[in-house]
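Trainee: Attaching a single structure in structure tokens format; questions to follow.
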Amino acid sequence: MTARSGEKTSVLQNVHLNGDCKFIDYPRVDIMEQPKHGRIEIVHQPVTADSGGKKMKCDKVKADGVAVYYTSQPGYVGSDKFIIRTPEDHGRIAEGVAEVKVVK
């Protein structure tokens, strides 16, 4: 992903809904490795459900959820990375390395 130096950039949005597309709770997001040249902010806010192309019933429903934002140190330009982990269905855990290209 690409982020502008010093600007807040959306990284991830996640919701936890029941079968009627109603809010259950805020999904957990853990930062396993912090970025070296910026910071991560985890915010509870309305987000839009997205099943990643699976055409699920609750796709495009707006609900309370979790948003993750990355902001680089002001003036920093270059590469950065961090690792996040989120629980998935059936007890699975998703972990991902987010590589960020920070530009002016």
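Chain identifiers are assigned as A, B, and so on, following the order in which chains appear in the structure tokens; residues are numbered from 1 within each chain, and ligands are numbered from 1 in order of appearance.
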Any idea what's packed within 9 Å of region 19-26 of chain A, counting only C-alpha atoms, ignoring anything in its chain fewer than 2 positions away? Could you give it as a list in words?

Mentor: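 Here the answer would be Asn14, Val15, His16, Leu17, Arg28, His44, Lys57, Cys58, Asp59, Val61, Ala63, Asp64, Gly65 and Val66 of chain A.
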
Trainee: Write out as a list in words which residues come within 10 Å of region 11-13 of chain A when counting only C-alpha atoms, dropping same-chain ones fewer than 5 positions away.

Mentor: Met1, Thr2, Ala3, Pro27, Val29, Ile40, Glu41, Ile42, Val43, His44, Gln45, Pro46, Val47, Thr48, Ala49, Asp50, Gly65, Val66, Ala67, Val68, Tyr69, Tyr70, Ile84, Ala98 and Val100 of chain A

Trainee: Rounded to one decimal in Å, what is the spacing between CA of Thr86 (chain A) and CA of Gly6 (chain A)?

Mentor: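 Rounded to one decimal, the two atoms are 25.7 Å apart.
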
Trainee: Could you give me, as JSON lines, a per-residue list for region 61-89 of chain A showing, wherever an atom lies at most 8 Å from an atom of region 34-38 of chain A, the closest pair of atoms and their distance in Å to one decimal, using only C-alpha atoms and sorting by chain then residue number from low to high?

Mentor:
```
{"residue": "A:Tyr70", "atom": "CA", "partner": "A:Gly38", "partner_atom": "CA", "distance": 7.0}
{"residue": "A:Thr71", "atom": "CA", "partner": "A:Gly38", "partner_atom": "CA", "distance": 5.5}
{"residue": "A:Ser72", "atom": "CA", "partner": "A:Gly38", "partner_atom": "CA", "distance": 3.8}
{"residue": "A:Gln73", "atom": "CA", "partner": "A:Gly38", "partner_atom": "CA", "distance": 4.9}
{"residue": "A:Tyr76", "atom": "CA", "partner": "A:His37", "partner_atom": "CA", "distance": 7.2}
{"residue": "A:Asp80", "atom": "CA", "partner": "A:Pro35", "partner_atom": "CA", "distance": 6.1}
{"residue": "A:Lys81", "atom": "CA", "partner": "A:Pro35", "partner_atom": "CA", "distance": 5.3}
{"residue": "A:Phe82", "atom": "CA", "partner": "A:Pro35", "partner_atom": "CA", "distance": 4.7}
{"residue": "A:Ile83", "atom": "CA", "partner": "A:Gln34", "partner_atom": "CA", "distance": 6.9}
```

Trainee: What does the distance from CA of Arg4 (chain A) to CA of Gly75 (chain A) come to in Å, to one decimal?

Mentor: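 About the pair CA of Arg4 (chain A) and CA of Gly75 (chain A): they are 9.4 Å apart.
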
Trainee: Within chain A, find each residue whose DSSP state, derived from the backbone, is strand (DSSP E or B), and express the selection as JSON, numbers by chain.

Mentor: {"A": [2, 3, 4, 9, 10, 11, 12, 13, 14, 17, 23, 30, 31, 32, 33, 38, 39, 40, 41, 42, 43, 44, 45, 46, 47, 48, 62, 63, 64, 65, 66, 67, 68, 69, 70, 71, 72, 78, 79, 80, 81, 82, 83, 84, 85, 86, 87, 93, 94, 95, 96, 97, 98, 99, 100, 101, 102, 103]}
